[in-house]
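File shown: model_15.cif (mmCIF, C-alpha atoms and all ligand atoms).
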```cif
data_input
#
loop_
_atom_site.label_atom_id
_atom_site.label_comp_id
_atom_site.auth_asym_id
_atom_site.auth_seq_id
_atom_site.Cartn_x
_atom_site.Cartn_y
_atom_site.Cartn_z
CA MET A 165 4.71 -17.74 -2.51
CA SER A 166 1.77 -20.00 -2.55
CA ALA A 167 -0.66 -17.97 -4.59
CA PRO A 168 -1.40 -14.40 -5.54
CA ARG A 169 -3.75 -12.31 -3.51
CA ARG A 170 -6.84 -11.12 -5.19
CA ALA A 171 -10.33 -10.20 -5.55
CA VAL A 172 -13.75 -9.23 -4.28
CA VAL A 173 -12.71 -5.95 -2.89
CA ALA A 174 -14.59 -5.17 0.24
CA LEU A 175 -16.43 -2.15 -0.98
CA ALA A 176 -18.47 -1.98 2.16
CA PHE A 177 -15.30 -1.23 4.07
CA PHE A 178 -14.71 1.84 1.98
CA ALA A 179 -18.30 2.91 2.02
CA ALA A 180 -18.23 2.82 5.80
CA CYS A 181 -15.20 5.09 5.80
CA VAL A 182 -16.69 7.70 3.52
CA VAL A 183 -18.00 10.58 5.55
CA ASP A 184 -20.97 12.26 4.02
CA ILE A 185 -19.69 15.77 3.72
CA GLY A 186 -21.04 17.14 0.49
CA ARG A 187 -24.78 17.02 0.54
CA GLY A 188 -25.31 19.54 -2.19
CA PRO A 189 -27.32 22.73 -2.12
CA SER A 190 -29.16 23.40 1.09
CA ALA A 191 -32.87 22.93 0.87
CA GLN A 192 -33.47 24.60 4.18
CA THR A 193 -32.99 28.26 3.27
CA PRO A 194 -36.41 29.89 3.43
CA ALA A 195 -37.34 32.22 0.61
CA ASN A 196 -37.45 35.21 2.94
CA THR A 197 -33.87 34.83 4.23
CA PRO A 198 -32.05 38.15 3.78
CA ALA A 199 -29.37 38.37 1.11
CA GLY A 200 -25.72 38.05 1.98
CA ARG A 201 -23.45 35.31 3.24
CA PRO A 202 -24.30 34.51 6.88
CA LEU A 203 -21.30 35.19 9.10
CA LEU A 204 -21.14 34.60 12.83
CA ILE A 205 -18.60 36.70 14.68
CA THR A 206 -17.05 34.90 17.65
CA VAL A 207 -14.70 36.60 20.07
CA ASP A 208 -12.37 34.49 22.20
CA ASP A 209 -10.42 34.94 25.42
CA LEU A 210 -12.63 37.32 27.39
CA PRO A 211 -12.47 39.35 29.58
CA VAL A 212 -9.64 40.80 27.42
CA ALA A 213 -6.93 39.05 25.44
CA GLY A 214 -3.34 39.54 24.41
CA THR A 215 -1.40 42.61 25.51
CA ALA A 216 -4.58 44.24 26.80
CA ALA A 217 -4.86 41.54 29.46
CA SER A 218 -1.92 43.00 31.35
CA GLY A 219 -3.34 46.52 31.34
CA ASP A 220 -4.97 48.17 34.36
CA ALA A 221 -8.72 48.17 34.87
CA ALA A 222 -9.22 51.42 32.95
CA ALA A 223 -7.22 50.20 29.97
CA ARG A 224 -9.06 46.87 29.92
CA ARG A 225 -12.35 48.71 30.04
CA ALA A 226 -11.24 51.04 27.22
CA THR A 227 -10.28 48.07 25.02
CA THR A 228 -13.66 46.50 25.74
CA GLU A 229 -15.55 49.67 24.87
CA ALA A 230 -13.69 49.99 21.56
CA LEU A 231 -14.49 46.36 20.67
CA LEU A 232 -18.14 46.82 21.59
CA ALA A 233 -18.38 50.08 19.62
CA ALA A 234 -17.19 48.36 16.46
CA LEU A 235 -19.71 45.56 16.93
CA LYS A 236 -22.52 48.02 17.61
CA LYS A 237 -21.67 50.17 14.59
CA HIS A 238 -22.05 47.13 12.32
CA ARG A 239 -25.07 45.71 14.20
CA ILE A 240 -23.22 42.50 14.96
CA PRO A 241 -24.67 39.92 17.39
CA ALA A 242 -21.47 38.25 18.58
CA VAL A 243 -20.71 35.27 20.75
CA ALA A 244 -18.03 36.09 23.32
CA PHE A 245 -16.15 33.14 24.83
CA VAL A 246 -14.93 33.61 28.38
CA ILE A 247 -11.93 31.97 30.06
CA ALA A 248 -13.65 31.59 33.41
CA ASP A 249 -10.56 31.58 35.60
CA ARG A 250 -9.47 34.93 34.16
CA VAL A 251 -12.55 36.65 35.55
CA LYS A 252 -10.94 37.64 38.83
CA THR A 253 -12.20 41.07 39.88
CA PRO A 254 -15.46 43.04 39.91
CA ASP A 255 -13.96 45.02 37.03
CA ASP A 256 -13.67 41.81 35.03
CA GLU A 257 -17.27 40.97 35.80
CA ALA A 258 -18.25 44.46 34.73
CA ILE A 259 -16.61 43.79 31.37
CA LEU A 260 -18.70 40.65 30.88
CA GLN A 261 -21.78 42.60 31.92
CA ARG A 262 -21.07 45.18 29.21
CA TRP A 263 -21.02 42.42 26.57
CA LEU A 264 -24.37 41.18 27.84
CA ASP A 265 -25.79 44.70 27.96
CA ASP A 266 -24.92 45.14 24.29
CA GLY A 267 -26.86 42.01 23.41
CA HIS A 268 -24.02 39.58 22.88
CA GLU A 269 -24.04 35.98 24.04
CA ILE A 270 -21.51 34.70 26.56
CA GLY A 271 -20.07 31.24 25.96
CA SER A 272 -17.51 29.11 27.76
CA HIS A 273 -13.90 28.95 26.61
CA SER A 274 -12.90 26.59 29.46
CA ASN A 275 -11.63 27.49 32.91
CA THR A 276 -7.88 27.80 32.32
CA HIS A 277 -7.52 27.54 28.52
CA PRO A 278 -5.76 24.16 28.52
CA SER A 279 -4.67 22.13 25.52
CA TYR A 280 -6.89 19.06 25.22
CA THR A 281 -4.06 17.33 23.39
CA ALA A 282 -1.76 17.84 26.38
CA LEU A 283 -4.26 16.82 29.08
CA THR A 284 -5.93 13.58 30.07
CA THR A 285 -9.64 13.36 29.42
CA GLU A 286 -10.36 13.51 33.15
CA ALA A 287 -8.30 16.64 33.73
CA TYR A 288 -9.78 18.39 30.72
CA LEU A 289 -13.36 17.50 31.60
CA ALA A 290 -12.76 18.81 35.11
CA ASP A 291 -11.58 22.12 33.69
CA VAL A 292 -14.64 22.35 31.43
CA ALA A 293 -16.95 21.49 34.32
CA ALA A 294 -15.38 24.14 36.55
CA ALA A 295 -15.94 26.80 33.91
CA ARG A 296 -19.50 25.65 33.43
CA THR A 297 -20.26 25.90 37.14
CA THR A 298 -18.85 29.43 37.38
CA LEU A 299 -20.30 30.82 34.18
CA SER A 300 -23.68 29.13 34.45
CA SER A 301 -24.39 30.53 37.88
CA TRP A 302 -23.14 33.99 36.86
CA LEU A 303 -25.41 33.95 33.81
CA LYS A 304 -28.35 32.51 35.71
CA LEU A 305 -28.36 35.55 37.99
CA ARG A 306 -28.85 37.56 34.82
CA GLN A 307 -31.56 35.30 33.38
CA ARG A 308 -29.22 33.88 30.74
CA THR A 309 -28.15 30.36 29.91
CA LEU A 310 -24.74 28.97 29.10
CA ARG A 311 -25.08 26.95 25.92
CA LEU A 312 -22.00 27.44 23.74
CA TYR A 313 -18.43 26.16 24.08
CA ARG A 314 -15.26 26.97 22.19
CA PHE A 315 -12.30 24.59 22.42
CA PRO A 316 -9.04 26.37 23.35
CA PHE A 317 -6.64 26.14 20.38
CA LEU A 318 -9.60 24.47 18.60
CA GLN A 319 -8.27 21.14 19.87
CA GLU A 320 -11.22 18.76 20.02
CA GLY A 321 -9.27 15.67 21.12
CA ASP A 322 -6.43 13.63 19.70
CA THR A 323 -8.09 10.23 20.11
CA PRO A 324 -11.61 9.04 19.22
CA GLU A 325 -12.23 8.44 22.93
CA LYS A 326 -11.30 12.02 23.85
CA VAL A 327 -13.47 13.46 21.09
CA GLU A 328 -16.43 11.36 22.21
CA ALA A 329 -15.87 12.14 25.88
CA MET A 330 -16.21 15.86 25.25
CA ARG A 331 -19.22 15.39 23.00
CA THR A 332 -20.92 13.48 25.77
CA ALA A 333 -19.89 16.03 28.41
CA LEU A 334 -21.04 19.02 26.34
CA ALA A 335 -24.37 17.38 25.56
CA ALA A 336 -24.89 16.46 29.21
CA GLY A 337 -24.16 20.06 30.21
CA GLY A 338 -26.53 21.46 27.60
CA MET A 339 -23.65 22.98 25.66
CA ARG A 340 -22.64 22.92 22.05
CA ASN A 341 -19.25 23.19 20.36
CA VAL A 342 -19.02 26.24 18.10
CA PRO A 343 -16.57 25.38 15.32
CA VAL A 344 -14.48 27.97 13.53
CA THR A 345 -14.37 28.37 9.78
CA LEU A 346 -12.42 31.60 9.31
CA ASP A 347 -9.24 32.38 11.22
CA GLY A 348 -6.80 35.14 10.33
CA SER A 349 -4.59 34.44 13.36
CA ASP A 350 -5.40 37.90 14.65
CA TYR A 351 -3.59 37.20 17.94
CA SER A 352 -0.29 37.06 16.08
CA PHE A 353 -0.52 40.82 15.33
CA ASP A 354 -1.32 41.97 18.83
CA ARG A 355 2.19 42.31 20.26
CA ARG A 356 3.46 44.09 17.14
CA TRP A 357 0.47 46.40 17.31
CA ALA A 358 1.09 47.26 20.95
CA GLY A 359 4.76 47.91 20.22
CA ALA A 360 3.96 50.20 17.29
CA VAL A 361 1.38 52.12 19.32
CA ALA A 362 3.82 52.49 22.22
CA SER A 363 6.48 53.86 19.87
CA GLY A 364 4.04 56.40 18.43
CA ASP A 365 5.42 55.67 14.97
CA ALA A 366 2.51 56.27 12.59
CA ALA A 367 4.16 54.36 9.73
CA ALA A 368 4.78 51.34 11.97
CA ILE A 369 1.18 51.42 13.20
CA ASP A 370 -0.11 51.58 9.66
CA GLU A 371 2.08 48.68 8.60
CA VAL A 372 0.65 46.40 11.29
CA ARG A 373 -2.87 47.55 10.42
CA GLN A 374 -2.35 46.71 6.75
CA ASP A 375 -0.86 43.31 7.58
CA TYR A 376 -3.73 42.51 9.93
CA LEU A 377 -6.37 43.47 7.37
CA ALA A 378 -4.62 41.78 4.45
CA THR A 379 -4.19 38.53 6.36
CA HIS A 380 -7.88 38.45 7.18
CA ARG A 381 -8.79 39.26 3.57
CA VAL A 382 -6.67 36.33 2.38
CA ALA A 383 -8.00 33.95 5.05
CA VAL A 384 -11.61 34.89 4.30
CA THR A 385 -11.44 34.82 0.50
CA ARG A 386 -9.40 31.62 0.26
CA THR A 387 -11.39 29.66 2.82
CA GLU A 388 -14.75 30.75 1.48
CA ALA A 389 -13.83 29.86 -2.10
CA MET A 390 -12.65 26.43 -0.94
CA ALA A 391 -15.73 25.84 1.23
CA ASP A 392 -18.16 26.90 -1.51
CA ARG A 393 -16.48 24.52 -3.94
CA LEU A 394 -16.55 21.74 -1.39
CA LEU A 395 -20.25 22.03 -0.52
CA GLY A 396 -21.45 23.31 -3.88
CA ARG A 397 -23.23 26.27 -2.36
CA ARG A 398 -22.70 29.55 -0.55
CA THR A 399 -21.38 28.41 2.80
CA PRO A 400 -22.11 30.05 6.15
CA GLN A 401 -19.03 31.11 8.09
CA VAL A 402 -17.81 31.55 11.66
CA LEU A 403 -14.98 34.02 12.18
CA LEU A 404 -12.64 33.66 15.15
CA ILE A 405 -11.17 36.87 16.55
CA HIS A 406 -9.94 37.79 20.01
CA ALA A 407 -10.84 40.52 22.48
CA ASN A 408 -7.49 42.21 21.97
CA ALA A 409 -5.99 45.64 21.36
CA VAL A 410 -5.24 45.15 17.68
CA GLY A 411 -8.88 44.18 17.21
CA ALA A 412 -10.14 47.18 19.16
CA ALA A 413 -8.41 49.47 16.67
CA ASN A 414 -9.07 47.52 13.49
CA TRP A 415 -12.37 45.68 13.72
CA ASP A 416 -14.29 48.58 12.21
CA ALA A 417 -12.18 48.49 9.04
CA MET A 418 -12.38 44.71 8.84
CA PHE A 419 -16.15 44.63 9.38
CA THR A 420 -16.58 47.33 6.73
CA TRP A 421 -14.64 45.18 4.27
CA LEU A 422 -16.64 42.08 5.19
CA GLU A 423 -19.89 43.92 4.53
CA ALA A 424 -18.58 45.17 1.20
CA ARG A 425 -17.71 41.55 0.32
CA GLY A 426 -21.36 40.55 0.75
CA HIS A 427 -21.32 39.17 4.28
CA ARG A 428 -24.32 39.48 6.54
CA PHE A 429 -23.65 39.37 10.27
CA ALA A 430 -25.90 36.62 11.58
CA THR A 431 -26.83 35.16 14.95
CA ALA A 432 -25.40 31.97 16.41
CA ASP A 433 -28.84 30.39 16.12
CA GLU A 434 -29.06 31.05 12.41
CA VAL A 435 -25.53 30.04 11.49
CA LEU A 436 -25.35 26.95 13.68
CA ALA A 437 -28.68 25.73 12.29
CA ASP A 438 -27.01 25.16 8.93
CA GLU A 439 -26.74 21.47 8.13
CA THR A 440 -22.98 21.63 7.76
CA PHE A 441 -22.70 22.27 11.50
CA ARG A 442 -25.37 19.79 12.54
CA ASP A 443 -23.35 16.58 12.75
CA LEU A 444 -19.74 17.55 13.16
CA PRO A 445 -17.41 14.78 12.01
CA VAL A 446 -15.37 12.84 14.54
CA ASP A 447 -11.83 13.54 13.38
CA PRO A 448 -9.28 13.07 16.15
CA GLY A 449 -6.08 15.03 15.84
CA ARG A 450 -3.41 16.83 17.81
CA TRP A 451 -4.06 20.16 16.15
CA GLY A 452 -7.14 22.30 15.94
CA TYR A 453 -8.26 23.68 12.64
CA GLY A 454 -11.15 25.05 10.65
CA HIS A 455 -14.40 23.22 9.96
CA TYR A 456 -14.17 23.37 6.18
CA GLN A 457 -10.48 22.44 6.14
CA ARG A 458 -11.47 19.42 8.18
CA LEU A 459 -14.26 18.48 5.77
CA ALA A 460 -11.91 18.92 2.82
CA ARG A 461 -9.34 16.65 4.43
CA LEU A 462 -11.94 13.99 5.21
CA ARG A 463 -13.16 14.12 1.65
CA GLU A 464 -9.60 13.75 0.39
CA ALA A 465 -9.15 10.72 2.63
CA ALA A 466 -12.39 9.18 1.34
CA GLU A 467 -11.23 9.74 -2.23
CA ALA A 468 -7.87 8.15 -1.44
CA ARG A 469 -9.59 5.06 -0.03
CA ALA A 470 -11.77 4.83 -3.14
CA ALA A 471 -8.66 5.11 -5.32
CA ILE A 472 -6.99 2.29 -3.40
CA ALA A 473 -10.10 0.16 -3.86
CA GLU A 474 -9.92 0.91 -7.56
CA VAL A 475 -6.38 -0.51 -7.73
CA LEU A 476 -7.51 -3.76 -6.17
CA GLN A 477 -10.65 -3.99 -8.30
CA THR A 478 -8.54 -3.55 -11.41
CA GLN A 479 -6.32 -6.42 -10.33
CA VAL A 480 -9.22 -8.69 -9.48
CA ALA A 481 -11.01 -8.15 -12.78
CA ALA A 482 -7.80 -8.58 -14.78
CA TRP A 483 -6.78 -11.75 -12.96
CA ASN A 484 -10.13 -13.39 -13.41
CA ARG A 485 -10.12 -12.78 -17.16
CA GLY A 486 -6.53 -14.02 -17.47
CA ASP A 487 -5.06 -10.60 -18.27
CA LEU A 488 -1.80 -10.65 -16.31
CA GLU A 489 -0.45 -7.59 -18.10
CA THR A 490 -3.27 -5.38 -16.79
CA PHE A 491 -3.03 -7.15 -13.46
CA CYS A 492 0.59 -5.98 -13.18
CA SER A 493 -0.03 -2.53 -14.67
CA VAL A 494 -1.00 -1.16 -11.24
CA TYR A 495 2.49 -1.86 -9.88
CA ALA A 496 4.81 1.13 -9.89
CA ALA A 497 7.60 0.80 -12.47
CA ASP A 498 10.05 0.36 -9.60
CA ALA A 499 7.79 -1.74 -7.38
CA THR A 500 9.17 -4.47 -5.13
CA TYR A 501 7.41 -7.79 -4.71
CA VAL A 502 8.31 -9.50 -1.46
CA SER A 503 7.71 -13.18 -0.83
CA PRO A 504 9.24 -15.87 1.39
CA ASN A 505 11.10 -17.14 -1.68
CA GLY A 506 12.82 -13.83 -2.40
CA ASN A 507 12.21 -10.34 -3.69
CA THR A 508 11.39 -9.28 -7.22
CA HIS A 509 12.20 -5.74 -8.36
CA GLY A 510 10.40 -3.81 -11.08
CA ARG A 511 7.04 -4.15 -12.79
CA ASP A 512 8.42 -6.07 -15.75
CA ALA A 513 10.11 -8.65 -13.53
CA ILE A 514 6.93 -8.99 -11.47
CA LEU A 515 4.91 -9.65 -14.65
CA ALA A 516 7.42 -12.24 -15.83
CA ARG A 517 7.21 -13.94 -12.46
CA TYR A 518 3.42 -14.14 -12.61
CA ARG A 519 3.52 -15.46 -16.19
CA THR A 520 5.84 -18.23 -15.15
CA ARG A 521 3.90 -19.26 -12.08
CA TYR A 522 0.39 -18.84 -13.48
CA PRO A 523 0.57 -19.89 -17.14
CA ASP A 524 -3.09 -20.88 -17.56
CA ALA A 525 -6.58 -20.66 -16.13
CA ALA A 526 -6.17 -23.90 -14.17
CA ALA A 527 -3.19 -22.44 -12.34
CA ARG A 528 -4.78 -19.04 -11.77
CA GLY A 529 -8.14 -20.14 -10.38
CA THR A 530 -10.57 -17.43 -9.28
CA LEU A 531 -9.56 -14.66 -6.98
CA SER A 532 -11.36 -13.08 -4.09
CA PHE A 533 -9.93 -10.42 -1.94
CA SER A 534 -11.06 -8.70 1.26
CA ILE A 535 -9.46 -5.71 2.90
CA GLU A 536 -8.82 -6.14 6.62
CA GLU A 537 -7.29 -2.74 7.28
CA SER A 538 -6.17 0.29 5.33
CA ARG A 539 -4.25 3.29 6.60
CA LEU A 540 -3.50 6.61 5.00
CA ALA A 541 -0.37 8.67 5.51
CA SER A 542 -0.61 12.47 5.58
CA GLY A 543 2.03 15.10 5.87
CA LEU A 544 1.88 18.18 8.05
CA GLU A 545 1.28 21.66 6.77
CA ILE A 546 2.80 24.47 8.75
CA THR A 547 0.57 27.53 8.82
CA PRO A 548 2.06 30.99 8.24
CA PHE A 549 1.89 31.60 11.98
CA ASP A 550 2.79 29.03 14.59
CA GLY A 551 0.39 26.21 13.98
CA ALA A 552 0.38 22.98 12.04
CA VAL A 553 -2.49 21.17 10.38
CA PRO A 554 -2.72 17.80 8.64
CA GLY A 555 -1.61 18.12 5.03
CA GLY A 556 -2.56 16.15 1.95
CA VAL A 557 -2.70 12.36 1.76
CA HIS A 558 0.51 11.13 0.13
CA GLY A 559 0.34 7.38 0.53
CA GLY A 560 -1.04 4.49 2.47
CA SER A 561 -0.97 0.79 3.19
CA VAL A 562 -3.50 -2.00 2.83
CA LEU A 563 -3.67 -5.30 4.67
CA ALA A 564 -5.86 -7.76 2.83
CA ARG A 565 -6.71 -11.43 2.66
CA TRP A 566 -6.51 -13.11 -0.72
CA THR A 567 -8.31 -16.33 -1.63
CA LEU A 568 -7.94 -18.42 -4.78
CA THR A 569 -10.63 -20.96 -5.54
CA TYR A 570 -10.27 -23.81 -8.01
CA THR A 571 -12.53 -26.40 -9.47
CA GLY A 572 -11.52 -29.83 -8.27
CA LYS A 573 -8.95 -28.79 -5.69
CA PRO A 574 -8.94 -26.95 -2.37
CA ALA A 575 -8.85 -23.16 -2.20
CA ALA A 576 -5.68 -21.34 -1.19
CA THR A 577 -5.65 -18.25 1.02
CA GLY A 578 -3.18 -15.90 2.66
CA LEU A 579 -2.41 -12.31 3.56
CA THR A 580 -0.85 -9.45 1.69
CA LEU A 581 0.47 -6.09 2.81
CA LEU A 582 0.63 -3.40 0.15
CA THR A 583 2.25 0.00 0.22
CA VAL A 584 0.39 2.29 -2.16
CA ARG A 585 0.71 5.87 -3.36
CA PRO A 586 -0.87 8.24 -5.89
CA ARG A 587 0.39 7.50 -9.40
CA PRO A 588 1.98 10.55 -10.95
CA GLY A 589 0.34 11.45 -14.25
CA ALA A 590 -2.22 8.62 -14.22
CA ALA A 591 -3.95 8.45 -17.63
CA GLU A 592 -7.69 8.99 -17.92
CA GLY A 593 -9.52 5.78 -17.02
CA GLN A 594 -6.46 4.26 -15.37
CA PRO A 595 -6.16 3.64 -11.63
CA ARG A 596 -5.04 6.82 -9.88
CA TRP A 597 -2.93 4.99 -7.32
CA GLU A 598 -0.24 2.32 -7.66
CA ILE A 599 1.43 -0.41 -5.63
CA VAL A 600 4.96 0.37 -4.50
CA GLN A 601 5.63 -2.68 -2.34
CA ASP A 602 3.74 -5.94 -2.12
CA ALA A 603 4.45 -8.52 0.56
CA SER A 604 2.29 -11.63 0.08
CA PHE A 605 2.37 -14.89 1.90
ZN ZN A 701 -8.51 31.00 23.26
#
```
Could you express the structure from this file as structure tokens?
Ligand SMILES: [Zn+2]
Amino acid sequence: MSAPRRAVVALAFFAACVVDIGRGPSAQTPANTPAGRPLLITVDDLPVAGTAASGDAAARRATTEALLAALKKHRIPAVAFVIADRVKTPDDEAILQRWLDDGHEIGSHSNTHPSYTALTTEAYLADVAAARTTLSSWLKLRQRTLRLYRFPFLQEGDTPEKVEAMRTALAAGGMRNVPVTLDGSDYSFDRRWAGAVASGDAAAIDEVRQDYLATHRVAVTRTEAMADRLLGRRTPQVLLIHANAVGAANWDAMFTWLEARGHRFATADEVLADETFRDLPVDPGRWGYGHYQRLARLREAAEARAAIAEVLQTQVAAWNRGDLETFCSVYAADATYVSPNGNTHGRDAILARYRTRYPDAAARGTLSFSIEESRLASGLEITPFDGAVPGGVHGGSVLARWTLTYTGKPAATGLTLLTVRPRPGAAEGQPRWEIVQDASF
């Protein structure tokens, strides 16, 4: 190789990548805000969801009345998201009317409940526009406005262009995306519930009930603890549940537990005014997932980029003070150094190579180093139900330009491609990541 890569790590690059997600305690909470954690209840897939959707008009109405009774008992102002194309009959319209009559807000949940990941932007926007036309005019007749949208499957777009296209379309239509923070996958219990009820087996019914409630308890307690740690304050929450039969029979028990846990059922206006929901991060992905999980993942990515920068800074500083041992300490013990002249295996061999080629300050010169691109690799986490979400960052790569300047002779420059990963058991004060492969030329 001609010269080592090095120095002046482009910190601005990293700074630009860091999403501001932890802004500390909220200063906006007025002193007279009631006690309790604000919780917005959102109900998806109206008119009715799951097994109840195939019932006759009377059964659909009965499910609706049971859902509304539970909301009323707990004085909950919910947002109910309608799949517009599933409102087919006057009975369906009567169901929506009942939600309005009880003081709930109707939002759009698209026309046909498509996957944004599976559709082109044009096709998806057309579906959203169709729902908006139908629901807006229906609401206008009742002196209401359509202003809230819920993405089917929580899929907000798998490319930056798709994410931005929907943001633009929602804003132009006067609508706002309502993210989800709490999700107990309630839909996954609905078929079991219907089967148990049909069998008349009291023990089977109770088993599904207990599973449903326990899953929501776990989802709520785990997510809230994570979110509170992440933001450093008591975080507002948005629960996603569906207008289904298992909910009709079990919402009362769940709402009772939520109240006992210190939740306060709040309006969409109050919850969505919280700063955490003000500027939602652009985070393209195939899968939909919760707001705080998304923030946690973005923070992890920002920390990974900072750790990678730290590796390069360590090398730069060491090189420029002539400390080749520290310079090579950020290579993994089994690292491979790739150059046009051949490969070198192992940290010790890499150090020996540098010592031979750069014996003194005149040979080493002064390093500068700028990152042209860095990418992170994440795994996938499979949820207990049927979904998948991005998992933790487990590695990455960096493409950078190195430059060596000398007094009295021309500078040398070239490119390097590094594969990097978290260093297991990194000592305090040592770089937390290490170089696994280094191809420089
Ligand atoms: Zn849905």
Fill in: Separation of atom CA of Ala378 of chain A from atom CA of Glu229 of chain A in Å
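Rounded to one decimal, the two atoms are 24.5 Å apart.
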Worksheet entry | Shell of 10 Å around ligand ZN 701 (chain A) (all atoms listed in the file), written as number ranges by chain | A: 207-210, 213, 245-247, 273-274, 276-279, 314-318, 351, 404-407
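Here atom CA of Ala460 of chain A and atom CA of Glu423 of chain A stand 26.3 Å from one another.
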Within 10 Å of Leu563 of chain A, counting all atoms listed in the file, which residues qualify if same-chain residues fewer than 4 places away don't, as a PDB file with C-alpha atoms, in the coordinates of the input?
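Contents of the output file out_7.pdb:
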```pdb
ATOM      1  CA  SER A 534     -11.060  -8.700   1.260  1.00  0.00           C
ATOM      2  CA  ILE A 535      -9.460  -5.710   2.900  1.00  0.00           C
ATOM      3  CA  GLU A 536      -8.820  -6.140   6.620  1.00  0.00           C
ATOM      4  CA  GLU A 537      -7.290  -2.740   7.280  1.00  0.00           C
ATOM      5  CA  SER A 538      -6.170   0.290   5.330  1.00  0.00           C
ATOM      6  CA  ARG A 539      -4.250   3.290   6.600  1.00  0.00           C
ATOM      7  CA  LEU A 579      -2.410 -12.310   3.560  1.00  0.00           C
ATOM      8  CA  THR A 580      -0.850  -9.450   1.690  1.00  0.00           C
ATOM      9  CA  LEU A 581       0.470  -6.090   2.810  1.00  0.00           C
ATOM     10  CA  LEU A 582       0.630  -3.400   0.150  1.00  0.00           C
ATOM     11  CA  THR A 583       2.250   0.000   0.220  1.00  0.00           C
ATOM     12  CA  ALA A 603       4.450  -8.520   0.560  1.00  0.00           C
ATOM     13  CA  SER A 604       2.290 -11.630   0.080  1.00  0.00           C
TER      14      SER A 604
END
```
Discussion item. Given only C-alpha atoms as the basis, pick out the residue of A:Gly214, A:Gly200, A:Gly449, A:Gly556 nearest to Trp357 of chain A.
Written reply: A:Gly214
Worksheet item: So how many Å separate atom CA of Glu325 of chain A and atom CA of Gln401 of chain A, to one decimal?
Response: 27.9 Å
Do you have, as JSON lines, the list of residues of segment 341-419 of chain A lying at most 10 Å from segment 307-313 of chain A, each with its nearest atom pair and that distance in Å to one decimal, counting only C-alpha atoms and ordered by chain then number?
```
{"residue": "A:Asn341", "atom": "CA", "partner": "A:Tyr313", "partner_atom": "CA", "distance": 4.8}
{"residue": "A:Val342", "atom": "CA", "partner": "A:Tyr313", "partner_atom": "CA", "distance": 6.0}
{"residue": "A:Pro343", "atom": "CA", "partner": "A:Tyr313", "partner_atom": "CA", "distance": 9.0}
```
Discussion item. Considering all atoms listed in the file, can you say which of A:Arg398, A:Arg373, A:Arg442, A:Arg331 comes closest to Trp415 of chain A?
Written reply: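 Under the stated criterion, the closest residue is A:Arg373.
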Fill in: Selected residue, from A:Ile205, A:Leu444, A:Leu231, A:Ala358, that lies nearest to Glu320 of chain A when counting all atoms listed in the file
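Result for the nearest residue to Glu320 of chain A: A:Leu444.
Nearest to Arg519 of chain A of all the residues A:Leu488, A:Ala383, A:Leu299, A:Ile259 is A:Leu488, counting only C-alpha atoms.
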Item to complete: May I ask which of the residues A:Gly364, A:Ser349, A:Tyr518, A:His509 is the closest one to Gly454 of chain A, counting all atoms listed in the file?
Response: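 Using all atoms listed in the file, Gly454 of chain A sits closest to A:Ser349.
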Fill in: Exercise: Ala525 of chain A partners within 12 Å, all atoms listed in the file, chain neighbours under 5 positions left out, as a ChimeraX atom specification
/A:483-488,519,530-531,568-571
Discussion item. My list of candidates is A:Ala499, A:Gly559, A:Leu260, A:Thr399. Which is closest to Glu439 of chain A when distances are computed with all atoms listed in the file?
Written reply: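 Closest to Glu439 of chain A, using all atoms listed in the file: A:Thr399.
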Neighbours of point (-5.4, 5.7, -14.4) within 12 Å, using all atoms listed in the file, written as a PDB file with C-alpha atoms, keeping the file's coordinate frame:
```
ATOM      1  CA  ALA A 471      -8.660   5.110  -5.320  1.00  0.00           C
ATOM      2  CA  ILE A 472      -6.990   2.290  -3.400  1.00  0.00           C
ATOM      3  CA  GLU A 474      -9.920   0.910  -7.560  1.00  0.00           C
ATOM      4  CA  VAL A 475      -6.380  -0.510  -7.730  1.00  0.00           C
ATOM      5  CA  THR A 478      -8.540  -3.550 -11.410  1.00  0.00           C
ATOM      6  CA  THR A 490      -3.270  -5.380 -16.790  1.00  0.00           C
ATOM      7  CA  SER A 493      -0.030  -2.530 -14.670  1.00  0.00           C
ATOM      8  CA  VAL A 494      -1.000  -1.160 -11.240  1.00  0.00           C
ATOM      9  CA  TYR A 495       2.490  -1.860  -9.880  1.00  0.00           C
ATOM     10  CA  PRO A 586      -0.870   8.240  -5.890  1.00  0.00           C
ATOM     11  CA  ARG A 587       0.390   7.500  -9.400  1.00  0.00           C
ATOM     12  CA  PRO A 588       1.980  10.550 -10.950  1.00  0.00           C
ATOM     13  CA  GLY A 589       0.340  11.450 -14.250  1.00  0.00           C
ATOM     14  CA  ALA A 590      -2.220   8.620 -14.220  1.00  0.00           C
ATOM     15  CA  ALA A 591      -3.950   8.450 -17.630  1.00  0.00           C
ATOM     16  CA  GLU A 592      -7.690   8.990 -17.920  1.00  0.00           C
ATOM     17  CA  GLY A 593      -9.520   5.780 -17.020  1.00  0.00           C
ATOM     18  CA  GLN A 594      -6.460   4.260 -15.370  1.00  0.00           C
ATOM     19  CA  PRO A 595      -6.160   3.640 -11.630  1.00  0.00           C
ATOM     20  CA  ARG A 596      -5.040   6.820  -9.880  1.00  0.00           C
ATOM     21  CA  TRP A 597      -2.930   4.990  -7.320  1.00  0.00           C
ATOM     22  CA  GLU A 598      -0.240   2.320  -7.660  1.00  0.00           C
TER      23      GLU A 598
END
```
